[in-house]
Every structure is written in structure tokens, then in C-alpha cells.
Amino acid sequence: MTFDFIEKRPGPGDRLVWFPFADNDDFNPSWWNHRSFYGESSYTLLEVHSDGVEVARIELDSDVAIDHYVGTPQLGDTALEIQLIEVAASQRRRGVGTKIMQALVARHPERRLLAFSEEADDFWASLGWARYDHPEGPRFSRPLFIQTAAGA
Ligand SMILES: CC(C)(COP(=O)(O)OP(=O)(O)OC[C@H]1O[C@@H](n2cnc3c(N)ncnc32)[C@H](O)[C@@H]1OP(=O)(O)O)[C@@H](O)C(=O)NCCC(=O)NCCS
């Protein structure tokens, strides 16, 4: 399975808000419908295709803070957060998310990918990523999963 990662960018007519993705019932519209231009933005939106079909959407963020979690490594500017990944509802539990994450890691060899898990702990753990918890515990703060370092 191979993937095309298409970076979404606002057009010249997009000023206050823009609509990065086309309507697609396979994705949650409230997560992806629009973005505003208010304030500085450090995010990147990706539309992921396989054989011409949209199979996932990803939001990356390079402005990451993880020091408030217990025992985290010093990642500095190498940290790259997956703010959100959504695999098309009709494509889930077929290994698509896993293969996309492998491809994303390969696209960013100098970075360490990480995610604050929103009810997807089993998925992030299945990738072999290391889990870190907030000092107050997982009841109040989402667990953090960090990509294993190359060669580790
Ligand atoms: C989380 C998500 C990206 C996983 O994508 P996917 O393509 O379905 O994942 P995979 O098929 O590669 O799953 C790999 C493994 O992760 C675990 N896993 C994935 N989805 C799971 C679920 N709903 N419940 C329990 N374990 C799950 C399983 O161990 C699975 O292996 P298995 O199918 O052999 O048991 C997808 O379910 C999704 O888009 N969910 C809605 C959005 C979301 O929750 N995003 C994450 C926010 S942090």
C-alpha cells in the first residue's frame, strides 16, 4: 500500500477562514470543515490518498510542549505532534492507520513524532510507541505516546 500525502494550503481568496477539505461522509466534518486564520499557525493539514481514494486526514503541529509529562525525553525542535489523524470510517481496522504512520515516520526522518491520545491508546501502543503520563495521571490528562527513536 502506497500513499500520497497532499498538503492543503489556503487559496488567494481565503482570508478569515478557509475550507481545506471537500465534503466526505467518511470523515467527521466537525474536525476538518474549516480553519480560521486567527493568530499564528504552526499546523499542517494533510490529505492522504491511496490509489486515488482519500483514506485519511492528518493535522501536524510543530509547536509542541511535553516537559510537563513524567520522564519525557528532550526532543527540542525535533518533536512533531500528530494533533489528529482520522482514517476514513469505512477503512478502519485494516492496518491503514498503521501503514500511514510508518509512511509518515519515513517522511520525517529527522523528527520524533508524538501524539496525545484521545481515546486511541490501543492504536498508539500498537505502533510500539512509548507511553508517558501527566503527573496527575490519565484521568485528567491524555496519555502521550512518542515514536521510538531510530535504532532504539
Ligand atoms: C485511531 C485510528 C486512526 C486507527 O486507524 P486504523 O486504520 O483503524 O488502525 P489499524 O487498523 O492500523 O489498527 C492497528 C491496531 O491498533 C489497535 N486499534 C485500532 N483501532 C482500535 C479500536 N477502535 N479499538 C481498539 N484497538 C484499536 C489494534 O491493536 C489494531 O490492531 P488489530 O486490528 O490487529 O487488533 C482510527 O480508528 C480513527 O481514525 N479513529 C477516529 C479518530 C481517532 O480516534 N484518531 C486518533 C486521535 S488521538
# chains A, B, ... in the order shown; residues from 1 in each chain; ligands from 1

call {"tool": "residues_near_ligand", "arguments": {"ligand": "ligand 1", "cutoff": "6 Å", "atoms": "only C-alpha atoms and all ligand atoms", "output": "PyMOL selection string"}}
result
chain A and resi 84-87+92-98+117-118+120+122-123+126

call {"tool": "select_by_dssp", "arguments": {"residues": "segment 58-132 of chain A", "states": "helix (DSSP H, G or I)", "output": "PyMOL selection string"}}
result
chain A and resi 76-78+89-91+96-107+121-126

call {"tool": "write_last_selection", "arguments": {"atoms": "N, CA and C atoms", "output": "mmCIF file, in the first residue's frame"}}
result
data_model
loop_
_atom_site.group_PDB
_atom_site.id
_atom_site.type_symbol
_atom_site.label_atom_id
_atom_site.label_comp_id
_atom_site.auth_asym_id
_atom_site.auth_seq_id
_atom_site.Cartn_x
_atom_site.Cartn_y
_atom_site.Cartn_z
ATOM 1 N N GLY A 76 13.422 18.774 21.926
ATOM 2 C CA GLY A 76 13.669 20.085 21.312
ATOM 3 C C GLY A 76 12.835 20.274 20.053
ATOM 4 N N ASP A 77 13.505 20.810 19.026
ATOM 5 C CA ASP A 77 12.785 21.120 17.779
ATOM 6 C C ASP A 77 12.499 19.891 16.923
ATOM 7 N N THR A 78 12.947 18.723 17.374
ATOM 8 C CA THR A 78 12.670 17.530 16.556
ATOM 9 C C THR A 78 11.239 17.025 16.775
ATOM 10 N N ALA A 89 -13.807 6.258 7.891
ATOM 11 C CA ALA A 89 -14.575 5.324 8.728
ATOM 12 C C ALA A 89 -14.708 3.954 8.069
ATOM 13 N N SER A 90 -14.858 3.929 6.749
ATOM 14 C CA SER A 90 -15.058 2.656 6.040
ATOM 15 C C SER A 90 -13.774 1.847 5.891
ATOM 16 N N GLN A 91 -12.627 2.441 6.303
ATOM 17 C CA GLN A 91 -11.331 1.775 6.068
ATOM 18 C C GLN A 91 -10.656 1.326 7.364
ATOM 19 N N VAL A 96 -4.644 0.287 7.891
ATOM 20 C CA VAL A 96 -4.355 1.518 7.131
ATOM 21 C C VAL A 96 -3.649 2.552 8.018
ATOM 22 N N GLY A 97 -4.197 2.772 9.224
ATOM 23 C CA GLY A 97 -3.594 3.741 10.134
ATOM 24 C C GLY A 97 -2.145 3.384 10.448
ATOM 25 N N THR A 98 -1.882 2.125 10.663
ATOM 26 C CA THR A 98 -0.515 1.674 10.964
ATOM 27 C C THR A 98 0.413 1.956 9.792
ATOM 28 N N LYS A 99 -0.015 1.634 8.591
ATOM 29 C CA LYS A 99 0.848 1.841 7.410
ATOM 30 C C LYS A 99 1.059 3.331 7.148
ATOM 31 N N ILE A 100 0.034 4.136 7.400
ATOM 32 C CA ILE A 100 0.195 5.584 7.219
ATOM 33 C C ILE A 100 1.216 6.128 8.216
ATOM 34 N N MET A 101 1.149 5.646 9.447
ATOM 35 C CA MET A 101 2.116 6.134 10.437
ATOM 36 C C MET A 101 3.528 5.724 10.065
ATOM 37 N N GLN A 102 3.692 4.508 9.528
ATOM 38 C CA GLN A 102 5.024 4.092 9.083
ATOM 39 C C GLN A 102 5.518 4.995 7.955
ATOM 40 N N ALA A 103 4.616 5.342 7.037
ATOM 41 C CA ALA A 103 4.999 6.221 5.925
ATOM 42 C C ALA A 103 5.311 7.631 6.421
ATOM 43 N N LEU A 104 4.555 8.088 7.418
ATOM 44 C CA LEU A 104 4.774 9.428 7.962
ATOM 45 C C LEU A 104 6.135 9.508 8.677
ATOM 46 N N VAL A 105 6.452 8.464 9.415
ATOM 47 C CA VAL A 105 7.768 8.406 10.081
ATOM 48 C C VAL A 105 8.874 8.451 9.022
ATOM 49 N N ALA A 106 8.690 7.709 7.939
ATOM 50 C CA ALA A 106 9.712 7.677 6.878
ATOM 51 C C ALA A 106 9.846 9.045 6.198
ATOM 52 N N ARG A 107 8.736 9.806 6.126
ATOM 53 C CA ARG A 107 8.774 11.146 5.524
ATOM 54 C C ARG A 107 9.493 12.158 6.404
ATOM 55 N N ASP A 121 -5.658 4.922 22.739
ATOM 56 C CA ASP A 121 -4.437 4.416 23.373
ATOM 57 C C ASP A 121 -3.977 3.102 22.739
ATOM 58 N N ASP A 122 -4.932 2.223 22.427
ATOM 59 C CA ASP A 122 -4.552 0.912 21.881
ATOM 60 C C ASP A 122 -3.870 1.057 20.520
ATOM 61 N N PHE A 123 -4.343 2.030 19.743
ATOM 62 C CA PHE A 123 -3.722 2.250 18.430
ATOM 63 C C PHE A 123 -2.286 2.719 18.594
ATOM 64 N N TRP A 124 -2.063 3.759 19.400
ATOM 65 C CA TRP A 124 -0.701 4.295 19.553
ATOM 66 C C TRP A 124 0.218 3.256 20.181
ATOM 67 N N ALA A 125 -0.295 2.520 21.150
ATOM 68 C CA ALA A 125 0.528 1.468 21.779
ATOM 69 C C ALA A 125 0.864 0.372 20.771
ATOM 70 N N SER A 126 -0.070 0.090 19.851
ATOM 71 C CA SER A 126 0.173 -0.983 18.876
ATOM 72 C C SER A 126 1.323 -0.646 17.937
#

call {"tool": "residues_around", "arguments": {"residues": "Asp4 of chain A", "least_positions_apart": "6", "cutoff": "7 Å", "atoms": "only C-alpha atoms", "output": "PDB file with C-alpha atoms, in the first residue's frame"}}
result
ATOM      1  CA  VAL A  48      -3.821  11.080   2.400  1.00  0.00           C
ATOM      2  CA  HIS A  49      -4.693   9.162  -0.752  1.00  0.00           C
ATOM      3  CA  SER A  50      -4.137   5.554  -1.746  1.00  0.00           C
TER       4      SER A  50
END

call {"tool": "select_by_dssp", "arguments": {"residues": "chain A", "states": "strand (DSSP E or B)", "output": "CSV table (one decimal) with N, CA and C atoms, in the first residue's frame"}}
result
chain,number,residue,atom,x,y,z
A,4,ASP,N,-0.2,8.9,-1.1
A,4,ASP,CA,0.2,10.3,-1.5
A,4,ASP,C,-0.2,11.2,-0.4
A,5,PHE,N,0.7,12.0,0.1
A,5,PHE,CA,0.4,13.0,1.2
A,5,PHE,C,0.2,14.4,0.5
A,6,ILE,N,-1.0,14.9,0.5
A,6,ILE,CA,-1.2,16.1,-0.2
A,6,ILE,C,-1.4,17.2,0.9
A,7,GLU,N,-0.5,18.2,0.9
A,7,GLU,CA,-0.6,19.3,1.9
A,7,GLU,C,-1.7,20.3,1.4
A,8,LYS,N,-2.6,20.6,2.3
A,8,LYS,CA,-3.7,21.5,2.0
A,8,LYS,C,-3.2,23.0,2.3
A,17,VAL,N,-11.4,32.7,7.1
A,17,VAL,CA,-11.5,31.2,7.3
A,17,VAL,C,-11.2,30.6,6.0
A,18,TRP,N,-10.9,29.3,6.0
A,18,TRP,CA,-10.8,28.5,4.8
A,18,TRP,C,-11.3,27.1,5.0
A,35,ARG,N,-10.9,26.1,9.0
A,35,ARG,CA,-9.9,26.6,9.8
A,35,ARG,C,-9.9,28.2,9.7
A,36,SER,N,-9.6,28.8,10.9
A,36,SER,CA,-9.5,30.3,10.8
A,36,SER,C,-8.1,30.7,10.7
A,43,TYR,N,0.4,24.7,12.3
A,43,TYR,CA,-0.1,23.4,11.9
A,43,TYR,C,0.0,23.1,10.3
A,44,THR,N,0.0,21.9,10.0
A,44,THR,CA,0.0,21.4,8.6
A,44,THR,C,-1.1,20.4,8.4
A,45,LEU,N,-1.9,20.6,7.4
A,45,LEU,CA,-3.0,19.7,7.1
A,45,LEU,C,-2.7,18.8,5.9
A,46,LEU,N,-2.9,17.5,6.1
A,46,LEU,CA,-2.5,16.5,5.0
A,46,LEU,C,-3.8,15.7,4.7
A,47,GLU,N,-4.0,15.6,3.4
A,47,GLU,CA,-5.0,14.7,2.8
A,47,GLU,C,-4.2,13.4,2.3
A,48,VAL,N,-4.6,12.3,2.8
A,48,VAL,CA,-3.8,11.1,2.4
A,48,VAL,C,-4.6,10.2,1.4
A,49,HIS,N,-4.0,10.0,0.3
A,49,HIS,CA,-4.7,9.2,-0.8
A,49,HIS,C,-4.0,7.8,-1.0
A,50,SER,N,-4.7,6.8,-1.3
A,50,SER,CA,-4.1,5.6,-1.7
A,50,SER,C,-4.9,5.1,-3.0
A,53,VAL,N,-7.9,7.3,-3.8
A,53,VAL,CA,-9.0,7.4,-2.8
A,53,VAL,C,-8.5,8.0,-1.6
A,54,GLU,N,-9.3,9.0,-1.0
A,54,GLU,CA,-8.9,9.6,0.2
A,54,GLU,C,-9.1,8.6,1.4
A,55,VAL,N,-8.0,8.3,2.0
A,55,VAL,CA,-8.1,7.3,3.1
A,55,VAL,C,-7.9,7.8,4.5
A,56,ALA,N,-7.3,9.0,4.6
A,56,ALA,CA,-7.1,9.6,5.9
A,56,ALA,C,-6.9,11.1,5.8
A,57,ARG,N,-7.0,11.7,7.0
A,57,ARG,CA,-6.7,13.2,7.1
A,57,ARG,C,-5.8,13.3,8.4
A,58,ILE,N,-4.8,14.2,8.3
A,58,ILE,CA,-3.9,14.3,9.4
A,58,ILE,C,-3.6,15.8,9.6
A,59,GLU,N,-3.6,16.2,10.9
A,59,GLU,CA,-3.1,17.5,11.3
A,59,GLU,C,-1.8,17.4,12.1
A,60,LEU,N,-0.8,18.0,11.6
A,60,LEU,CA,0.5,18.0,12.3
A,60,LEU,C,0.8,19.4,12.9
A,61,ASP,N,1.5,19.4,14.0
A,61,ASP,CA,1.8,20.7,14.7
A,61,ASP,C,3.2,20.6,15.2
A,79,ALA,N,10.6,17.5,17.8
A,79,ALA,CA,9.2,17.0,18.2
A,79,ALA,C,8.2,17.4,17.1
A,80,LEU,N,7.4,16.5,16.6
A,80,LEU,CA,6.4,16.8,15.7
A,80,LEU,C,5.1,16.1,16.1
A,81,GLU,N,4.1,16.9,16.5
A,81,GLU,CA,2.9,16.3,17.1
A,81,GLU,C,1.9,16.0,16.0
A,82,ILE,N,1.3,14.8,16.1
A,82,ILE,CA,0.1,14.5,15.3
A,82,ILE,C,-1.1,15.0,16.1
A,83,GLN,N,-1.6,16.1,15.8
A,83,GLN,CA,-2.7,16.7,16.5
A,83,GLN,C,-3.9,15.8,16.4
A,84,LEU,N,-4.1,15.3,15.1
A,84,LEU,CA,-5.2,14.5,14.9
A,84,LEU,C,-4.9,13.6,13.6
A,85,ILE,N,-5.3,12.4,13.7
A,85,ILE,CA,-5.3,11.5,12.5
A,85,ILE,C,-6.7,10.9,12.4
A,86,GLU,N,-7.3,10.9,11.3
A,86,GLU,CA,-8.6,10.2,11.1
A,86,GLU,C,-8.5,9.3,9.9
A,87,VAL,N,-8.6,8.0,10.1
A,87,VAL,CA,-8.7,7.1,8.9
A,87,VAL,C,-10.2,7.1,8.5
A,112,ARG,N,10.8,13.4,15.7
A,112,ARG,CA,10.2,12.4,16.5
A,112,ARG,C,8.8,12.7,16.6
A,113,LEU,N,8.0,11.8,16.1
A,113,LEU,CA,6.5,12.0,16.1
A,113,LEU,C,5.9,11.6,17.4
A,114,LEU,N,4.9,12.3,17.8
A,114,LEU,CA,4.2,12.0,19.1
A,114,LEU,C,2.8,12.4,19.0
A,115,ALA,N,2.0,11.9,19.9
A,115,ALA,CA,0.5,12.1,19.9
A,115,ALA,C,0.0,12.1,21.3
A,116,PHE,N,-0.8,13.0,21.7
A,116,PHE,CA,-1.6,13.0,22.9
A,116,PHE,C,-2.9,12.2,22.6
A,130,ALA,N,6.4,4.7,22.9
A,130,ALA,CA,6.4,4.7,24.4
A,130,ALA,C,5.4,5.6,24.9
A,131,ARG,N,4.8,5.2,26.0
A,131,ARG,CA,3.7,6.0,26.7
A,131,ARG,C,4.3,6.8,27.9
A,132,TYR,N,3.8,8.0,28.0
A,132,TYR,CA,4.1,8.9,29.1
A,132,TYR,C,2.8,9.5,29.7
A,144,LEU,N,0.5,10.5,26.6
A,144,LEU,CA,1.3,11.0,25.5
A,144,LEU,C,2.1,9.7,25.0
A,145,PHE,N,2.1,9.6,23.6
A,145,PHE,CA,2.8,8.5,23.0
A,145,PHE,C,3.9,9.1,22.1
A,146,ILE,N,5.1,8.6,22.2
A,146,ILE,CA,6.3,9.1,21.4
A,146,ILE,C,6.9,8.0,20.6

call {"tool": "atom_distance", "arguments": {"atom1": "atom CA of Asp51 of chain A", "atom2": "atom CA of Ala22 of chain A"}}
result
17.7 Å

call {"tool": "closest_residue", "arguments": {"among": "A:Gln147, A:Phe37, A:Pro135, A:Ser30", "to": "Asp14 of chain A", "atoms": "only C-alpha atoms"}}
result
A:Phe37

call {"tool": "atom_distance", "arguments": {"atom1": "atom CA of Ser62 of chain A", "atom2": "atom CA of Arg111 of chain A"}}
result
9.8 Å

call {"tool": "atom_distance", "arguments": {"atom1": "atom CA of Ser141 of chain A", "atom2": "atom CA of Asn28 of chain A"}}
result
23.1 Å

call {"tool": "closest_residue", "arguments": {"among": "A:Gly52, A:Ala88, A:Asp67, A:Arg142", "to": "Phe3 of chain A", "atoms": "only C-alpha atoms"}}
result
A:Gly52

call {"tool": "residues_around", "arguments": {"residues": "Gly137 of chain A", "least_positions_apart": "6", "cutoff": "12 Å", "atoms": "only C-alpha atoms", "output": "PyMOL selection string"}}
result
chain A and resi 68-70+143-144

call {"tool": "write_last_selection", "arguments": {"atoms": "C-alpha atoms", "output": "CSV table (one decimal), in the first residue's frame"}}
result
chain,number,residue,atom,x,y,z
A,68,HIS,CA,5.0,18.6,31.9
A,69,TYR,CA,4.8,14.9,31.4
A,70,VAL,CA,6.8,12.5,33.5
A,143,PRO,CA,-1.6,9.9,27.7
A,144,LEU,CA,1.3,11.0,25.5

call {"tool": "decode", "arguments": {"residues": "segment 32-71 of chain A", "atoms": "C-alpha atoms", "output": "mmCIF file, in the first residue's frame"}}
result
data_model
loop_
_atom_site.group_PDB
_atom_site.id
_atom_site.type_symbol
_atom_site.label_atom_id
_atom_site.label_comp_id
_atom_site.auth_asym_id
_atom_site.auth_seq_id
_atom_site.Cartn_x
_atom_site.Cartn_y
_atom_site.Cartn_z
ATOM 1 C CA TRP A 32 -11.974 19.164 9.376
ATOM 2 C CA ASN A 33 -14.535 21.537 7.885
ATOM 3 C CA HIS A 34 -12.876 24.875 8.346
ATOM 4 C CA ARG A 35 -9.862 26.632 9.833
ATOM 5 C CA SER A 36 -9.540 30.270 10.828
ATOM 6 C CA PHE A 37 -6.506 32.435 10.267
ATOM 7 C CA TYR A 38 -6.677 33.956 13.752
ATOM 8 C CA GLY A 39 -3.224 34.127 15.339
ATOM 9 C CA GLU A 40 -0.030 32.376 14.334
ATOM 10 C CA SER A 41 -0.449 28.903 12.954
ATOM 11 C CA SER A 42 2.082 26.099 13.286
ATOM 12 C CA TYR A 43 -0.104 23.376 11.852
ATOM 13 C CA THR A 44 -0.015 21.426 8.595
ATOM 14 C CA LEU A 45 -3.035 19.661 7.132
ATOM 15 C CA LEU A 46 -2.542 16.536 5.026
ATOM 16 C CA GLU A 47 -4.983 14.658 2.843
ATOM 17 C CA VAL A 48 -3.821 11.080 2.400
ATOM 18 C CA HIS A 49 -4.693 9.162 -0.752
ATOM 19 C CA SER A 50 -4.137 5.554 -1.746
ATOM 20 C CA ASP A 51 -4.938 4.501 -5.318
ATOM 21 C CA GLY A 52 -6.687 7.844 -5.807
ATOM 22 C CA VAL A 53 -9.022 7.357 -2.825
ATOM 23 C CA GLU A 54 -8.922 9.611 0.227
ATOM 24 C CA VAL A 55 -8.127 7.255 3.107
ATOM 25 C CA ALA A 56 -7.094 9.605 5.908
ATOM 26 C CA ARG A 57 -6.658 13.154 7.117
ATOM 27 C CA ILE A 58 -3.881 14.341 9.373
ATOM 28 C CA GLU A 59 -3.105 17.531 11.277
ATOM 29 C CA LEU A 60 0.521 18.020 12.293
ATOM 30 C CA ASP A 61 1.800 20.669 14.691
ATOM 31 C CA SER A 62 5.449 21.596 15.178
ATOM 32 C CA ASP A 63 4.747 23.772 18.250
ATOM 33 C CA VAL A 64 4.913 21.067 20.915
ATOM 34 C CA ALA A 65 5.304 21.100 24.714
ATOM 35 C CA ILE A 66 5.853 17.794 26.520
ATOM 36 C CA ASP A 67 8.031 18.731 29.520
ATOM 37 C CA HIS A 68 5.040 18.643 31.872
ATOM 38 C CA TYR A 69 4.754 14.878 31.360
ATOM 39 C CA VAL A 70 6.751 12.454 33.507
ATOM 40 C CA GLY A 71 10.070 11.150 32.165
#
